[in-house]
Number of protein chains: 2
Amino acid sequence: MPHQIAIVGLGAITQKSHLPSIAANPAFRLVAAASLAGEAPGVTVYRDHMAMLAAHPEIEAVIINTPPAARLAIAADVIAAGKHVMLEKPPAATLGGAEHLVRLAAAAGVVLHTAWHSQYNIAVDRAAELLVGKRIASLHVDWKEDVHKYHPGQKWIWGAGGFGVFDMAINGLSIMSRIFDPVPYVTSAVLRVPADASVPVSADVTFSDGAGAVMTAAFDWGWRGDDKRELTIVTTEGQRLELTHSGGRLVVDGVEVVGATRTEYRDIYADFDRLLTERRSRIDLAPLRLVADALLVGRLDIVAPVMT
Amino acid sequence: MPHQIAIVGLGAITQKSHLPSIAANPAFRLVAAASLAGEAPGVTVYRDHMAMLAAHPEIEAVIINTPPAARLAIAADVIAAGKHVMLEKPPAATLGGAEHLVRLAAAAGVVLHTAWHSQYNIAVDRAAELLVGKRIASLHVDWKEDVHKYHPGQKWIWGAGGFGVFDMAINGLSIMSRIFDPVPYVTSAVLRVPADASVPVSADVTFSDGAGAVMTAAFDWGWRGDDKRELTIVTTEGQRLELTHSGGRLVVDGVEVVGATRTEYRDIYADFDRLLTERRSRIDLAPLRLVADALLVGRLDIVAPVMT
């Protein structure tokens, strides 16, 4: 029996990544959707997630892909209805909000899955395996995109709770959370905030592993040219791991170990199937905590407006 | 046998609150101190905490009262030396840094005490007891001081990691963490950041308890006049709690229940004695998380410079 699932939010990421992955996985059957706009093939799209839940008691789990600020209330409703939940990244706009959902899910006995898609590529798994027991000499993270390419004309990304450059940089941070145990902690940051925004357009962040590693990151939404989404890690033994293409490709000491194969959403759903079957939650708030910590210690530089 | 303790950082809060509380409590004996400046009666003051630890193997626990940014490295050294630790508030500049210390302390088997002084007044205990099992209709927090009164000419408070108004507002947040279970989560914030600063001079924050309570806070370092440090809580049954004087006084439905008696540092040391005796840590990161969450969702308003 496939898991009967529903999806809330039918924007770009749902269309491009979720719906094809669900269609390709026999462990799932999409039975309904809710969204203010957008279509989902073969199922009714409700304007309201409550109407959807009422009309489809067979729903076992709900995938929530709305913008971050809207997720908390929807997820709380879904959990109250006794359904399991998968949350697109980031799981909430705040750590406290995310922990509220963790409490609700635990109390209701439902599965909560904070799905950080960049954690799911094979190259990321391989890097994590290679780093077990290794000491780190250095880490550098570059996460750079042209914001106009992916978010043309969008204003919410610059407003309160819009995350700014961290909307995409959090993917790199989520890889850090997956491959390092314990996760490094932020020691300083520079945050460049446009004069007409509440969030940074670019940021430099330094981290520590508490054991002497030199760890830096450069995040930039003002980048022009090809996307640059990569981590370079050097161990104290001199091994060099280059995790590029948003975690899709791994090169170790100059030799390609995993090619640029992005299987992340396929693997998210394979994992969600396991979690539902085993009634187990997977919760990772560390990427969100890294952003919060960068804001706590960041030096604020006000830069040119972005919306005018 | 009293606990043999040492203190790092001999600034205003150590002189005014810690040293008298230690002197008055027979469970403790101060054996050494470390600080770049300042004196401690009857003990040698080392310039360096490592020299202090080397010279005094009898030290059982160390109180760390330096500015927040310096605490992490000192606490890590102290834990590595096998000593128990008390941290003045806030326990670290970041959540990740605080969690790093929690891990280190657990691995070393030493006690870690995050001492939020405003949590320790009798009126706060009484408010917490009165609120057990109650639903909240509303909360309003006012934490307002004249920054020039307590921090004349200090510049670090305005820089990266300086916390700004949250340096004092976090005391109000620490009371929220003490009296509400679970702790409410931040839903929105307005952050007024001076053009020459990295942190807010004032902030308005709203919270949710996930159950319909209306919860607001106003934090202001630009306040002129008497300090205003109070929480007003109304339960759904109509009971009204006014916790004023930084948690020192409790008025319930217009009747004073606890007078303005500030016993916080006395009670911190009584608690630390228990924790050391029972080899138990007391760790609360929720106040720091509330600040981080306000920064994550805050709308940024740039206001007039403060340092010129």
# chains A, B, ... in the order shown; residues from 1 in each chain; ligands from 1
>>> interface_residues(of="chain A", to="chain B", cutoff="7 Å", atoms="only C-alpha atoms", output="list in words")
Ala93, Thr94, Leu95, Gly96, Gly97, Gly159, Ala160, Gly161, Tyr185, Val186, Ser198, Ala292, Asp293, Leu295, Leu296, Val297, Gly298, Arg299 and Leu300 of chain A
>>> select_by_dssp(residues="segment 14-260 of chain A", states="strand (DSSP E)", output="MDAnalysis selection string")
chainID A and resid 28:34 45:46 61:64 84:87 112:114 136:144 185:194 202:208 214:220 228:235 240:244 249:252 255:258
>>> select_by_dssp(residues="segment 95-140 of chain B", states="alpha helix (DSSP H)", output="PyMOL selection string")
chain B and resi 95-108+122-131
>>> closest_residue(among="B:His49, B:Arg71, B:His117, B:His84", to="Tyr265 of chain B", atoms="only C-alpha atoms")
B:His117
>>> residues_around(residues="segment 239-255 of chain B", least_positions_apart="6", cutoff="7 Å", atoms="only C-alpha atoms", output="number ranges by chain")
B: 118, 121, 123-124, 229-233, 261-262
>>> write_last_selection(atoms="N, CA, C and O atoms", output="PDB file, in the first residue's frame")
ATOM      1  N   SER B 118      18.260  37.076  36.420  1.00  0.00           N
ATOM      2  CA  SER B 118      16.874  37.531  36.624  1.00  0.00           C
ATOM      3  C   SER B 118      15.903  36.382  36.869  1.00  0.00           C
ATOM      4  O   SER B 118      14.764  36.603  37.273  1.00  0.00           O
ATOM      5  N   ASN B 121      14.970  35.579  41.274  1.00  0.00           N
ATOM      6  CA  ASN B 121      14.257  36.261  42.349  1.00  0.00           C
ATOM      7  C   ASN B 121      13.044  35.466  42.832  1.00  0.00           C
ATOM      8  O   ASN B 121      12.412  34.732  42.067  1.00  0.00           O
ATOM      9  N   ALA B 123      10.124  36.490  43.574  1.00  0.00           N
ATOM     10  CA  ALA B 123       8.889  36.864  42.880  1.00  0.00           C
ATOM     11  C   ALA B 123       8.746  36.090  41.568  1.00  0.00           C
ATOM     12  O   ALA B 123       7.628  35.776  41.135  1.00  0.00           O
ATOM     13  N   VAL B 124       9.876  35.778  40.932  1.00  0.00           N
ATOM     14  CA  VAL B 124       9.845  35.012  39.681  1.00  0.00           C
ATOM     15  C   VAL B 124       9.427  33.563  39.956  1.00  0.00           C
ATOM     16  O   VAL B 124       8.586  33.001  39.241  1.00  0.00           O
ATOM     17  N   ARG B 229      11.409  47.584  34.065  1.00  0.00           N
ATOM     18  CA  ARG B 229      11.747  46.186  33.754  1.00  0.00           C
ATOM     19  C   ARG B 229      10.647  45.329  34.318  1.00  0.00           C
ATOM     20  O   ARG B 229      10.710  44.888  35.462  1.00  0.00           O
ATOM     21  N   GLU B 230       9.627  45.092  33.484  1.00  0.00           N
ATOM     22  CA  GLU B 230       8.459  44.413  34.028  1.00  0.00           C
ATOM     23  C   GLU B 230       7.706  43.579  33.004  1.00  0.00           C
ATOM     24  O   GLU B 230       7.761  43.846  31.812  1.00  0.00           O
ATOM     25  N   LEU B 231       7.038  42.577  33.513  1.00  0.00           N
ATOM     26  CA  LEU B 231       6.177  41.713  32.709  1.00  0.00           C
ATOM     27  C   LEU B 231       4.773  41.785  33.290  1.00  0.00           C
ATOM     28  O   LEU B 231       4.599  41.707  34.509  1.00  0.00           O
ATOM     29  N   THR B 232       3.784  41.930  32.396  1.00  0.00           N
ATOM     30  CA  THR B 232       2.393  41.892  32.818  1.00  0.00           C
ATOM     31  C   THR B 232       1.718  40.724  32.116  1.00  0.00           C
ATOM     32  O   THR B 232       1.735  40.644  30.885  1.00  0.00           O
ATOM     33  N   ILE B 233       1.171  39.837  32.915  1.00  0.00           N
ATOM     34  CA  ILE B 233       0.596  38.594  32.384  1.00  0.00           C
ATOM     35  C   ILE B 233      -0.852  38.511  32.820  1.00  0.00           C
ATOM     36  O   ILE B 233      -1.160  38.701  34.002  1.00  0.00           O
ATOM     37  N   THR B 261      12.272  42.599  46.727  1.00  0.00           N
ATOM     38  CA  THR B 261      13.483  42.063  47.346  1.00  0.00           C
ATOM     39  C   THR B 261      14.289  41.355  46.284  1.00  0.00           C
ATOM     40  O   THR B 261      13.852  40.363  45.726  1.00  0.00           O
ATOM     41  N   ARG B 262      15.462  41.874  46.000  1.00  0.00           N
ATOM     42  CA  ARG B 262      16.300  41.282  44.964  1.00  0.00           C
ATOM     43  C   ARG B 262      17.331  40.380  45.627  1.00  0.00           C
ATOM     44  O   ARG B 262      18.284  40.847  46.225  1.00  0.00           O
TER      45      ARG B 262
END
>>> residues_around(residues="segment 214-217 of chain B", least_positions_apart="6", cutoff="8 Å", atoms="only C-alpha atoms", output="list in words")
Ala137, Ser138, Leu139, His140, Val141, Asp142, Trp143, Asp204, Val205, Thr206, Phe207 and Ser208 of chain B
>>> atom_distance(atom1="atom CA of Pro26 of chain A", atom2="atom CA of Ala270 of chain A")
10.1 Å
>>> residues_around(residues="segment 31-40 of chain A", least_positions_apart="4", cutoff="6 Å", atoms="only C-alpha atoms", output="list in words")
Ile5, Ala6, Ile7, Val8, Gly9, Leu10, Thr44, Val45, Tyr46, Arg47, Asp48 and His49 of chain A
>>> write_last_selection(atoms="C-alpha atoms", output="PDB file, in the first residue's frame")
ATOM      1  CA  ILE A   5       0.108  11.969   0.640  1.00  0.00           C
ATOM      2  CA  ALA A   6      -0.920  15.547  -0.049  1.00  0.00           C
ATOM      3  CA  ILE A   7       1.111  18.605  -0.863  1.00  0.00           C
ATOM      4  CA  VAL A   8       0.620  22.222   0.231  1.00  0.00           C
ATOM      5  CA  GLY A   9       2.204  24.874  -1.984  1.00  0.00           C
ATOM      6  CA  LEU A  10       2.487  24.356  -5.738  1.00  0.00           C
ATOM      7  CA  THR A  44      -8.024  18.323  -6.803  1.00  0.00           C
ATOM      8  CA  VAL A  45      -6.256  21.534  -5.702  1.00  0.00           C
ATOM      9  CA  TYR A  46      -7.938  23.103  -2.664  1.00  0.00           C
ATOM     10  CA  ARG A  47      -7.497  26.779  -1.819  1.00  0.00           C
ATOM     11  CA  ASP A  48      -7.187  25.895   1.812  1.00  0.00           C
ATOM     12  CA  HIS A  49      -5.309  23.083   3.542  1.00  0.00           C
TER      13      HIS A  49
END
>>> closest_residue(among="B:Ala127, B:Trp223, B:Ile79, B:Asp284", to="Tyr150 of chain B", atoms="only C-alpha atoms")
B:Trp223
>>> residues_around(residues="segment 132-136 of chain A", least_positions_apart="6", cutoff="7 Å", atoms="only C-alpha atoms", output="PyMOL selection string")
chain A and resi 213+234-236
>>> closest_residue(among="B:Gly259, B:Pro90, B:Gly172, B:Gly11", to="Ile283 of chain B", atoms="only C-alpha atoms")
B:Pro90
>>> atom_distance(atom1="atom CA of Val78 of chain B", atom2="atom CA of Asp267 of chain B")
23.5 Å
>>> decode(residues="segment 138-153 of chain A", atoms="C-alpha atoms", output="tab-separated table (two decimals), in the first residue's frame")
chain	number	residue	atom	x	y	z
A	138	SER	CA	40.43	23.98	6.69
A	139	LEU	CA	37.00	24.48	5.20
A	140	HIS	CA	35.90	27.04	2.69
A	141	VAL	CA	32.33	27.33	1.51
A	142	ASP	CA	31.33	29.35	-1.55
A	143	TRP	CA	27.64	29.71	-2.22
A	144	LYS	CA	27.10	32.33	-4.92
A	145	GLU	CA	24.25	32.93	-7.29
A	146	ASP	CA	22.71	35.74	-9.29
A	147	VAL	CA	19.54	36.52	-7.35
A	148	HIS	CA	17.91	37.89	-10.50
A	149	LYS	CA	18.22	34.48	-12.15
A	150	TYR	CA	16.22	32.58	-9.53
A	151	HIS	CA	14.09	35.26	-7.90
A	152	PRO	CA	13.32	37.86	-10.58
A	153	GLY	CA	11.30	40.71	-9.10
